[in-house]
Amino acid sequence: MRQDAGDVTPEGVRVGGGVHTYGGGDHLVTAAAVWCATPQGLFRGGTLVAEGAFGDLVLGDGELLAVREDGSGDALVAVPLDGGDVRVLAEAAGFFGAPRPTDGMLAWTWWSARDMPWDGCEMWVAAYEPGGQIGDPMRVAGGPDESALEPRWGPDGMLYFMSDRTGWWNLYRHDGTAIAPLEADCAAPPWELGQSSYCFLDDGRIAMIAREGPAHRLVIADGSGAVSPVPVPYTSIKPCLTAWGSSVALIGSSPTLAQQVAIVPSPSPSPSGGLPERLDVSVDGDRQVVALVYPPAGATSEWSAPLIVRAHPGPAASVELFTSHGFAVADVDSTGSAGYGRAFRQALYGRWGVLDVADCRAVAEHLIAAGRAVPGQVFVRGAGTGGYTALQAVSSDGPFAAATAVSPVVDPERWASTAPRFHRPYAVRLGGAPVTAAAIRTPVLLIHGADDPVTSPAGTAALADDLRSRGAPHELLLLAGTGHDVPASDEALEAELRLYQSFEVPGIA
């Protein structure tokens with residue numbers, strides 16, 4: 001990071017503290033210095049202030065507030081802006097997040113070591129004075145059956161937060177008022193600290209992200225509870241909104257627009273062509289699954305093409321590479337995905353490798369039956385937990401001719417005991433049976449970062465060894481210096497494209 005063309009952090013120091021594995025809120029700019037959370041510790045400018053894992057840095061009254069993690073748990077801490085000693089405000093064996101101060105008060109979130117924050121998360125407040133300790137904490141929202149997230153003090157002095165108490169993450173005020181009830185998730189699962197799914201505009205309105213399945217909308221709520229959509233050319237908006245006067249600064253992307261910083265409602269480019277088709281498919285007669293289907297580039301309205309089914313992929317990354325080579329891509333929001341309410345998020349618990357696989361298979365079979373996908377040239381791909389889905393999808397008979405698994409979980413039971421502290425409750429609740437080489441029935445491409453702290457590259461390598469001993473077709477790509485989030489590198493994408501192109505690719509109909 002640089003400020004005024006000078007280095008703020010020492011050479012070789014990377015910004016990103018790694019709290020709860022993924023970090024978040026890793027830097028803060030004050031009038032006197034830039035603060036950065038790094039793997040080495042907390043820096044003020046180029047000076048190391050304290051060792052340890054810090055994140056969610058915010059400015060208090062004359063001091064910095066943050067979350068600090070160690071092997072025994074989390075702490076809410078304060079550090080004088082001159083870089084003095086770290087002061088512990090609260091500590092627990094569970095997890096803290098979102099310290100948010102106002103005059104004389106501090107709000108934060110907490111969830112237990114047995115939970116994920118999207119299952120059960122509490123919001124607390126206490127009296128707060130700089131340089132001292134906090135008063136007696138009081139829980140104001142959340143619990144084992146409610147996820148209360150993103151506390152923020154409004155310009156009216158009231159505390160606002162997101163809660164899924166109705167089944168959908170909606171915005172509330174501390175007095176119990178629902179600001180804008182919607183059948184949409186207006187928050188995202190907090191894999192990272194420092195998320196901001198809403199912000200207060202200087203004209204008194206509130207901007208929010210409304211996640212309706214795979215589509216993200218920017219909406220504005222006024223004081224009456226009325227909600228108005230704001231036209232934006234994005235289908236994916238990161239939960240990091242910031243007010244810019246009466247406008248909103250955001251990071252958005254779409255199938256035709258790379259991720260970009262934008263000010264809304266300033267003029268924005270309009271997307272042209274290549275937009276996905278929404279597909280709703282009935283699965284096992286008792287539930288619906290949504291997929292976004294991207295036709296191959298240049299396709300007519302009656303296209304038919306090889307198909308790549310991607311399990312719970314997130315934003316539409318790398319779609320253009322595959323569609324430009326004649327493939328269609330179906331991004332499946334399989335069971336357990338966000339954007340469909342609390343019940344859908346939790347429906348995968350205990351059924352991992354079953355419901356998600358059935359969802360992907362149902363989308364593939366629907367597109368085959370509709371004449372869109374070419375039988376024998378349908379592939380499945382997933383990353384992380386989706387990598388496990390992809391491997392299980394080719395461990396029984398079905399429509400898939402090959403699979404790509406990126407950073408996959410191979411043995412869920414082992415993962416439940418070895419996953420980072422933050423992930424462990426999720427791993428335990430997901431359950432799942434191990435992937436075995438003997439069950440895999442198609443060629444597979446295994447891609448894993450050699451430095452992955454979340455899922456084991458050793459487990460992936462062991463699976464590759466077992467496949468090799470059985471003479472099963474596979475390729476293992478271990479990426480040196482890469483962690484859990486494998487970048488869309490040329491090496492990885494070329495290997496994936498090579499796998500799919502090893503099957504005959506017909507022309508576009």
# chains A, B, ... in the order shown; residues from 1 in each chain; ligands from 1
call {"tool": "closest_atom_pairs", "arguments": {"of": "segment 9-119 of chain A", "to": "segment 194-199 of chain A", "cutoff": "7 Å", "atoms": "only C-alpha atoms", "output": "CSV"}}
result
residue,atom,partner,partner_atom,distance
A:Gly24,CA,A:Gly194,CA,5.4
A:Gly25,CA,A:Gly194,CA,4.6
A:Asp56,CA,A:Gly194,CA,5.2
A:Ala98,CA,A:Gly194,CA,6.3
call {"tool": "write_last_selection", "arguments": {"atoms": "C-alpha atoms", "output": "JSON list (two decimals), in the first residue's frame"}}
result
[["chain", "number", "residue", "atom", "x", "y", "z"],
["A", 24, "GLY", "CA", -11.36, -8.15, 6.16],
["A", 25, "GLY", "CA", -11.24, -4.52, 7.24],
["A", 56, "ASP", "CA", -11.99, -5.00, 11.08],
["A", 98, "ALA", "CA", -17.86, -5.37, 13.57]]
call {"tool": "residues_around", "arguments": {"residues": "Pro99 of chain A", "least_positions_apart": "4", "cutoff": "12 Å", "atoms": "only C-alpha atoms", "output": "MDAnalysis selection string"}}
result
chainID A and resid 25 55:60 64:68 75:78 89:90 95 105:110 123:126 128 149:153 193:195
call {"tool": "atom_distance", "arguments": {"atom1": "atom CA of Phe400 of chain A", "atom2": "atom CA of Ala383 of chain A"}}
result
16.6 Å
call {"tool": "atom_distance", "arguments": {"atom1": "atom CA of Asp333 of chain A", "atom2": "atom CA of Arg310 of chain A"}}
result
8.9 Å
call {"tool": "closest_residue", "arguments": {"among": "A:Ser502, A:Thr21, A:Thr38, A:Thr482", "to": "Asp452 of chain A", "atoms": "only C-alpha atoms"}}
result
A:Thr482
call {"tool": "atom_distance", "arguments": {"atom1": "atom CA of Gly350 of chain A", "atom2": "atom CA of Ala433 of chain A"}}
result
9.9 Å
call {"tool": "select_by_dssp", "arguments": {"residues": "segment 42-130 of chain A", "states": "strand (DSSP E or B)", "output": "PyMOL selection string"}}
result
chain A and resi 42-44+47-50+53-59+63-70+73-80+87-92+95-102+105-111+121-127
call {"tool": "residues_around", "arguments": {"residues": "Pro408 of chain A", "least_positions_apart": "2", "cutoff": "9 Å", "atoms": "only C-alpha atoms", "output": "PyMOL selection string"}}
result
chain A and resi 382-391+405-406+410+446-448+455-457+459-460
